[in-house]
$ cat my_file32.txt   # compact mmCIF, N, CA and C atoms
# COMPACT_ATOMS: atom_id res chain seq x y z
N MET A 1 -39.06 11.02 -5.20
CA MET A 1 -38.51 9.69 -5.34
C MET A 1 -39.32 8.76 -4.44
N ASP A 2 -39.78 7.66 -4.99
CA ASP A 2 -40.56 6.72 -4.20
C ASP A 2 -39.65 5.67 -3.55
N LEU A 3 -40.23 4.82 -2.73
CA LEU A 3 -39.47 3.84 -1.96
C LEU A 3 -38.77 2.82 -2.86
N GLY A 4 -39.41 2.42 -3.94
CA GLY A 4 -38.79 1.47 -4.86
C GLY A 4 -37.54 2.03 -5.52
N SER A 5 -37.59 3.29 -5.90
CA SER A 5 -36.41 3.92 -6.50
C SER A 5 -35.28 4.05 -5.49
N LEU A 6 -35.62 4.35 -4.25
CA LEU A 6 -34.61 4.47 -3.20
C LEU A 6 -33.93 3.13 -2.94
N LEU A 7 -34.71 2.05 -2.84
CA LEU A 7 -34.13 0.73 -2.62
C LEU A 7 -33.30 0.29 -3.82
N PHE A 8 -33.76 0.59 -5.02
CA PHE A 8 -32.98 0.27 -6.22
C PHE A 8 -31.67 1.05 -6.22
N MET A 9 -31.71 2.31 -5.81
CA MET A 9 -30.51 3.13 -5.78
C MET A 9 -29.50 2.60 -4.75
N VAL A 10 -29.97 2.13 -3.60
CA VAL A 10 -29.08 1.55 -2.59
C VAL A 10 -28.42 0.28 -3.15
N ALA A 11 -29.22 -0.60 -3.75
CA ALA A 11 -28.67 -1.83 -4.32
C ALA A 11 -27.72 -1.53 -5.48
N PHE A 12 -28.06 -0.57 -6.31
CA PHE A 12 -27.21 -0.18 -7.44
C PHE A 12 -25.90 0.43 -6.95
N ALA A 13 -25.97 1.23 -5.89
CA ALA A 13 -24.76 1.83 -5.32
C ALA A 13 -23.84 0.75 -4.76
N TYR A 14 -24.41 -0.24 -4.08
CA TYR A 14 -23.58 -1.32 -3.54
C TYR A 14 -22.95 -2.13 -4.67
N GLY A 15 -23.73 -2.47 -5.67
CA GLY A 15 -23.20 -3.24 -6.80
C GLY A 15 -22.10 -2.50 -7.54
N LEU A 16 -22.32 -1.22 -7.80
CA LEU A 16 -21.28 -0.43 -8.48
C LEU A 16 -20.07 -0.22 -7.59
N GLY A 17 -20.28 -0.08 -6.28
CA GLY A 17 -19.16 0.05 -5.36
C GLY A 17 -18.27 -1.18 -5.39
N VAL A 18 -18.87 -2.36 -5.34
CA VAL A 18 -18.09 -3.61 -5.42
C VAL A 18 -17.39 -3.70 -6.76
N PHE A 19 -18.07 -3.33 -7.84
CA PHE A 19 -17.48 -3.36 -9.18
C PHE A 19 -16.26 -2.46 -9.27
N TRP A 20 -16.39 -1.21 -8.84
CA TRP A 20 -15.27 -0.27 -8.94
C TRP A 20 -14.14 -0.64 -8.00
N TYR A 21 -14.45 -1.14 -6.80
CA TYR A 21 -13.38 -1.55 -5.89
C TYR A 21 -12.59 -2.72 -6.46
N ASP A 22 -13.25 -3.61 -7.19
CA ASP A 22 -12.52 -4.73 -7.80
C ASP A 22 -11.66 -4.27 -8.96
N LEU A 23 -12.07 -3.24 -9.68
CA LEU A 23 -11.27 -2.76 -10.81
C LEU A 23 -10.13 -1.84 -10.40
N LEU A 24 -10.35 -1.04 -9.38
CA LEU A 24 -9.34 -0.09 -8.94
C LEU A 24 -8.38 -0.76 -7.95
N PRO A 25 -7.21 -0.17 -7.73
CA PRO A 25 -6.23 -0.81 -6.84
C PRO A 25 -6.58 -0.73 -5.36
N GLY A 26 -7.68 -0.14 -4.99
CA GLY A 26 -8.06 -0.07 -3.59
C GLY A 26 -8.53 -1.41 -3.07
N GLN A 27 -8.58 -1.53 -1.75
CA GLN A 27 -9.01 -2.78 -1.13
C GLN A 27 -10.48 -2.68 -0.77
N LEU A 28 -11.23 -3.75 -1.03
CA LEU A 28 -12.65 -3.78 -0.72
C LEU A 28 -12.83 -3.70 0.79
N ALA A 29 -13.68 -2.80 1.23
CA ALA A 29 -13.90 -2.62 2.66
C ALA A 29 -14.60 -3.85 3.24
N ASP A 30 -14.36 -4.11 4.52
CA ASP A 30 -14.95 -5.29 5.14
C ASP A 30 -16.40 -5.08 5.55
N ARG A 31 -16.87 -3.86 5.56
CA ARG A 31 -18.26 -3.57 5.92
C ARG A 31 -19.04 -3.18 4.67
N ALA A 32 -20.23 -3.75 4.54
CA ALA A 32 -21.04 -3.51 3.35
C ALA A 32 -21.47 -2.05 3.23
N TRP A 33 -21.77 -1.39 4.36
CA TRP A 33 -22.22 0.00 4.29
C TRP A 33 -21.11 0.91 3.80
N ARG A 34 -19.85 0.54 4.06
CA ARG A 34 -18.73 1.37 3.62
C ARG A 34 -18.59 1.33 2.10
N VAL A 35 -18.86 0.16 1.51
CA VAL A 35 -18.75 0.00 0.06
C VAL A 35 -19.81 0.81 -0.66
N ALA A 36 -20.99 0.94 -0.05
CA ALA A 36 -22.10 1.62 -0.71
C ALA A 36 -22.27 3.08 -0.31
N ALA A 37 -21.61 3.53 0.76
CA ALA A 37 -21.88 4.86 1.31
C ALA A 37 -21.49 5.99 0.35
N TYR A 38 -20.25 6.02 -0.07
CA TYR A 38 -19.80 7.11 -0.95
C TYR A 38 -20.45 7.05 -2.34
N PRO A 39 -20.54 5.86 -2.95
CA PRO A 39 -21.26 5.82 -4.23
C PRO A 39 -22.70 6.28 -4.11
N PHE A 40 -23.39 5.90 -3.03
CA PHE A 40 -24.78 6.30 -2.85
C PHE A 40 -24.88 7.81 -2.66
N ALA A 41 -24.00 8.38 -1.84
CA ALA A 41 -24.05 9.82 -1.59
C ALA A 41 -23.81 10.60 -2.88
N LEU A 42 -22.82 10.21 -3.65
CA LEU A 42 -22.55 10.93 -4.88
C LEU A 42 -23.59 10.66 -5.96
N MET A 43 -24.21 9.48 -5.94
CA MET A 43 -25.31 9.23 -6.87
C MET A 43 -26.49 10.15 -6.55
N ALA A 44 -26.78 10.34 -5.27
CA ALA A 44 -27.87 11.23 -4.88
C ALA A 44 -27.57 12.67 -5.28
N ILE A 45 -26.33 13.11 -5.07
CA ILE A 45 -25.94 14.46 -5.47
C ILE A 45 -26.00 14.60 -6.99
N GLY A 46 -25.51 13.58 -7.70
CA GLY A 46 -25.55 13.61 -9.17
C GLY A 46 -26.98 13.64 -9.71
N GLU A 47 -27.87 12.88 -9.09
CA GLU A 47 -29.27 12.89 -9.52
C GLU A 47 -29.91 14.26 -9.27
N ALA A 48 -29.49 14.93 -8.23
CA ALA A 48 -30.08 16.23 -7.91
C ALA A 48 -29.57 17.34 -8.83
N PHE A 49 -28.27 17.29 -9.17
CA PHE A 49 -27.68 18.41 -9.90
C PHE A 49 -27.40 18.12 -11.38
N VAL A 50 -27.06 16.88 -11.74
CA VAL A 50 -26.67 16.59 -13.12
C VAL A 50 -27.37 15.33 -13.61
N PRO A 51 -28.68 15.33 -13.75
CA PRO A 51 -29.35 14.14 -14.28
C PRO A 51 -29.09 14.03 -15.79
N PHE A 52 -28.35 13.01 -16.19
CA PHE A 52 -27.95 12.87 -17.59
C PHE A 52 -28.11 11.42 -18.01
N GLY A 53 -28.58 11.21 -19.20
CA GLY A 53 -28.66 9.88 -19.77
C GLY A 53 -30.01 9.22 -19.60
N PRO A 54 -30.10 7.99 -20.07
CA PRO A 54 -31.37 7.27 -19.97
C PRO A 54 -31.68 6.89 -18.52
N THR A 55 -32.97 6.74 -18.23
CA THR A 55 -33.37 6.38 -16.88
C THR A 55 -33.80 4.92 -16.83
N PHE A 56 -33.54 4.30 -15.69
CA PHE A 56 -34.01 2.94 -15.42
C PHE A 56 -34.38 2.89 -13.94
N GLY A 57 -35.64 2.65 -13.67
CA GLY A 57 -36.09 2.62 -12.29
C GLY A 57 -36.05 3.97 -11.61
N GLY A 58 -36.13 5.03 -12.39
CA GLY A 58 -36.08 6.38 -11.83
C GLY A 58 -34.67 6.90 -11.60
N ILE A 59 -33.65 6.14 -12.01
CA ILE A 59 -32.25 6.54 -11.83
C ILE A 59 -31.63 6.77 -13.20
N HIS A 60 -30.91 7.87 -13.36
CA HIS A 60 -30.18 8.12 -14.60
C HIS A 60 -28.90 7.28 -14.56
N VAL A 61 -28.78 6.33 -15.46
CA VAL A 61 -27.74 5.32 -15.39
C VAL A 61 -26.34 5.92 -15.58
N ILE A 62 -26.16 6.77 -16.55
CA ILE A 62 -24.84 7.36 -16.80
C ILE A 62 -24.40 8.21 -15.62
N THR A 63 -25.30 8.99 -15.09
CA THR A 63 -24.99 9.80 -13.90
C THR A 63 -24.61 8.90 -12.74
N ALA A 64 -25.33 7.81 -12.55
CA ALA A 64 -25.06 6.91 -11.43
C ALA A 64 -23.71 6.23 -11.57
N VAL A 65 -23.36 5.80 -12.77
CA VAL A 65 -22.08 5.12 -12.97
C VAL A 65 -20.91 6.07 -12.74
N VAL A 66 -20.98 7.27 -13.30
CA VAL A 66 -19.89 8.24 -13.14
C VAL A 66 -19.80 8.70 -11.67
N ALA A 67 -20.94 8.96 -11.04
CA ALA A 67 -20.94 9.41 -9.66
C ALA A 67 -20.42 8.33 -8.73
N SER A 68 -20.76 7.07 -8.98
CA SER A 68 -20.26 6.00 -8.11
C SER A 68 -18.76 5.82 -8.27
N LEU A 69 -18.24 6.00 -9.49
CA LEU A 69 -16.79 5.93 -9.69
C LEU A 69 -16.09 7.04 -8.90
N ILE A 70 -16.62 8.24 -8.97
CA ILE A 70 -16.04 9.36 -8.22
C ILE A 70 -16.13 9.08 -6.72
N GLY A 71 -17.25 8.51 -6.27
CA GLY A 71 -17.41 8.18 -4.85
C GLY A 71 -16.40 7.15 -4.37
N VAL A 72 -16.15 6.12 -5.18
CA VAL A 72 -15.18 5.09 -4.80
C VAL A 72 -13.76 5.67 -4.77
N VAL A 73 -13.43 6.52 -5.74
CA VAL A 73 -12.11 7.15 -5.74
C VAL A 73 -11.95 8.05 -4.52
N LEU A 74 -12.98 8.81 -4.15
CA LEU A 74 -12.91 9.63 -2.94
C LEU A 74 -12.74 8.77 -1.70
N ASP A 75 -13.47 7.68 -1.60
CA ASP A 75 -13.34 6.79 -0.46
C ASP A 75 -11.95 6.18 -0.40
N TRP A 76 -11.41 5.81 -1.54
CA TRP A 76 -10.06 5.25 -1.59
C TRP A 76 -9.02 6.27 -1.12
N ILE A 77 -9.17 7.52 -1.56
CA ILE A 77 -8.25 8.58 -1.13
C ILE A 77 -8.35 8.80 0.38
N ILE A 78 -9.56 8.81 0.89
CA ILE A 78 -9.75 9.02 2.33
C ILE A 78 -9.18 7.86 3.13
N GLN A 79 -9.37 6.63 2.66
CA GLN A 79 -8.80 5.48 3.37
C GLN A 79 -7.28 5.52 3.38
N VAL A 80 -6.68 5.90 2.27
CA VAL A 80 -5.22 5.97 2.21
C VAL A 80 -4.70 7.08 3.11
N ALA A 81 -5.40 8.20 3.15
CA ALA A 81 -4.96 9.32 3.99
C ALA A 81 -5.12 9.01 5.48
N ARG A 82 -6.16 8.29 5.84
CA ARG A 82 -6.41 8.00 7.25
C ARG A 82 -5.66 6.78 7.76
N HIS A 83 -5.37 5.83 6.88
CA HIS A 83 -4.71 4.59 7.30
C HIS A 83 -3.51 4.31 6.40
N PRO A 84 -2.44 5.08 6.55
CA PRO A 84 -1.28 4.83 5.70
C PRO A 84 -0.59 3.52 6.09
N ALA A 85 0.07 2.92 5.12
CA ALA A 85 0.81 1.69 5.40
C ALA A 85 2.03 2.03 6.24
N ALA A 86 2.17 1.38 7.38
CA ALA A 86 3.27 1.68 8.29
C ALA A 86 4.59 1.14 7.73
N VAL A 87 4.60 -0.12 7.34
CA VAL A 87 5.80 -0.75 6.80
C VAL A 87 5.39 -1.54 5.58
N SER A 88 5.98 -1.23 4.44
CA SER A 88 5.61 -1.94 3.22
C SER A 88 6.29 -3.30 3.14
N THR A 89 7.52 -3.42 3.66
CA THR A 89 8.23 -4.70 3.69
C THR A 89 8.76 -4.92 5.10
N PRO A 90 8.82 -6.16 5.55
CA PRO A 90 9.33 -6.41 6.90
C PRO A 90 10.84 -6.16 6.97
N GLU A 91 11.28 -5.76 8.14
CA GLU A 91 12.71 -5.51 8.33
C GLU A 91 13.43 -6.84 8.47
N THR A 92 14.69 -6.87 8.05
CA THR A 92 15.45 -8.12 8.08
C THR A 92 16.57 -8.06 9.10
N GLY A 93 16.38 -7.35 10.18
CA GLY A 93 17.40 -7.23 11.21
C GLY A 93 17.34 -8.39 12.20
N VAL A 94 18.38 -8.52 12.99
CA VAL A 94 18.44 -9.55 14.02
C VAL A 94 17.67 -9.06 15.23
N PRO A 95 16.80 -9.91 15.82
CA PRO A 95 16.03 -9.46 16.98
C PRO A 95 16.93 -9.17 18.16
N VAL A 96 16.58 -8.15 18.92
CA VAL A 96 17.36 -7.74 20.09
C VAL A 96 16.82 -8.48 21.29
N ARG A 97 17.72 -9.07 22.09
CA ARG A 97 17.31 -9.78 23.29
C ARG A 97 17.10 -8.79 24.42
N ALA A 98 16.19 -9.15 25.31
CA ALA A 98 15.93 -8.31 26.47
C ALA A 98 17.13 -8.41 27.42
N ALA A 99 17.42 -7.30 28.07
CA ALA A 99 18.55 -7.26 29.01
C ALA A 99 18.19 -8.07 30.27
N THR A 100 19.13 -8.88 30.71
CA THR A 100 18.89 -9.68 31.91
C THR A 100 19.67 -9.09 33.07
N THR A 101 19.10 -9.13 34.24
CA THR A 101 19.78 -8.63 35.44
C THR A 101 20.02 -9.79 36.37
N SER A 102 21.18 -9.79 37.05
CA SER A 102 21.53 -10.86 37.96
C SER A 102 21.40 -10.44 39.39
$ encode --input "my_file32.txt" --output "C-alpha cells"
Amino acid sequence: MDLGSLLFMVAFAYGLGVFWYDLLPGQLADRAWRVAAYPFALMAIGEAFVPFGPTFGGIHVITAVVASLIGVVLDWIIQVARHPAAVSTPETGVPVRAATTS
C-alpha cells in the first residue's frame, strides 16, 4: 500500500464514520480521531482478509463500507458499556436543606 492509498483510506474512514454516526442512534464523538479510529482499523482488517468488490484508489469500496459500519457499531457498543447514562430523567423531589447548628 502506498502513501496515497493510506491517506485516502484515513479520509474515507473519517467520512464513513461521520456518515454512520449520523444515521445510527449513537452520538458523534467530539474528537476526530475517535470517529475514524474503529472504521479505519476494521477497514484495514477487511482489506487484509476479505477484499471484495470494485477498487477505487487501491481500496475495495464494498469491503470498506461494510467494515466501517461494523467499526462504528463496535465503537457505539463500547461507548455505551463504558459510559452508561446515570439518570435518564431528572428527579422531581424537593431539595433537602442543609442542617443548621446553633
$ closest_residue --input "my_file32.txt" --among "A:Ala36, A:Ile59, A:Leu23, A:Ala29" --to "Phe8 in chain A" --atoms "all atoms listed in the file"
A:Ile59
$ residues_near_point --input "my_file32.txt" --point "(-13.2, 5.7, -6.9)" --cutoff "10 Å" --atoms "only C-alpha atoms" --output "NGL selection string"
:A and (17 or 20-21 or 23-26 or 38-39 or 66-77)
$ atom_distance --input "my_file32.txt" --atom1 "CA of Arg82 in chain A" --atom2 "CA of Thr63 in chain A"
28.2 Å
$ closest_residue --input "my_file32.txt" --among "A:Val18, A:Val80, A:Ala13, A:Leu28" --to "Met43 in chain A" --atoms "all atoms listed in the file"
A:Ala13
$ select_by_dssp --input "my_file32.txt" --residues "range 11-75 of chain A" --states "alpha helix (DSSP H)" --output "count of residues only"
46
$ closest_residue --input "my_file32.txt" --among "A:Asp22, A:Ala64, A:Ser5, A:Gln27" --to "Leu42 in chain A" --atoms "only C-alpha atoms"
A:Ala64
$ axis_aligned_box --input "my_file32.txt" --around "range 69-76 of chain A" --padding-each-side "3 Å" --output "AutoDock Vina command-line options"
--center_x -13.6 --center_y 7.4 --center_z -5.0 --size_x 15.2 --size_y 10.5 --size_z 15.3
$ atom_distance --input "my_file32.txt" --atom1 "atom N of Glu47 in chain A" --atom2 "atom C of Ala81 in chain A"
27.3 Å
$ atom_distance --input "my_file32.txt" --atom1 "atom N of Ala44 in chain A" --atom2 "atom C of Met9 in chain A"
8.2 Å
$ closest_residue --input "my_file32.txt" --among "A:Thr55, A:Phe40, A:Ile78, A:Gly46" --to "Ala11 in chain A" --atoms "only C-alpha atoms"
A:Phe40
$ select_by_dssp --input "my_file32.txt" --residues "range 7-89 of chain A" --states "strand (DSSP E or B)" --output "list in words"
Thr55, Phe56, Ile59 and His60 of chain A
$ closest_residue --input "my_file32.txt" --among "A:Phe19, A:Phe56, A:Phe49, A:Tyr14" --to "Val35 in chain A" --atoms "all atoms listed in the file"
A:Tyr14
$ closest_residue --input "my_file32.txt" --among "A:Val65, A:Leu3, A:Gly57, A:Gln79" --to "Arg34 in chain A" --atoms "only C-alpha atoms"
A:Gln79
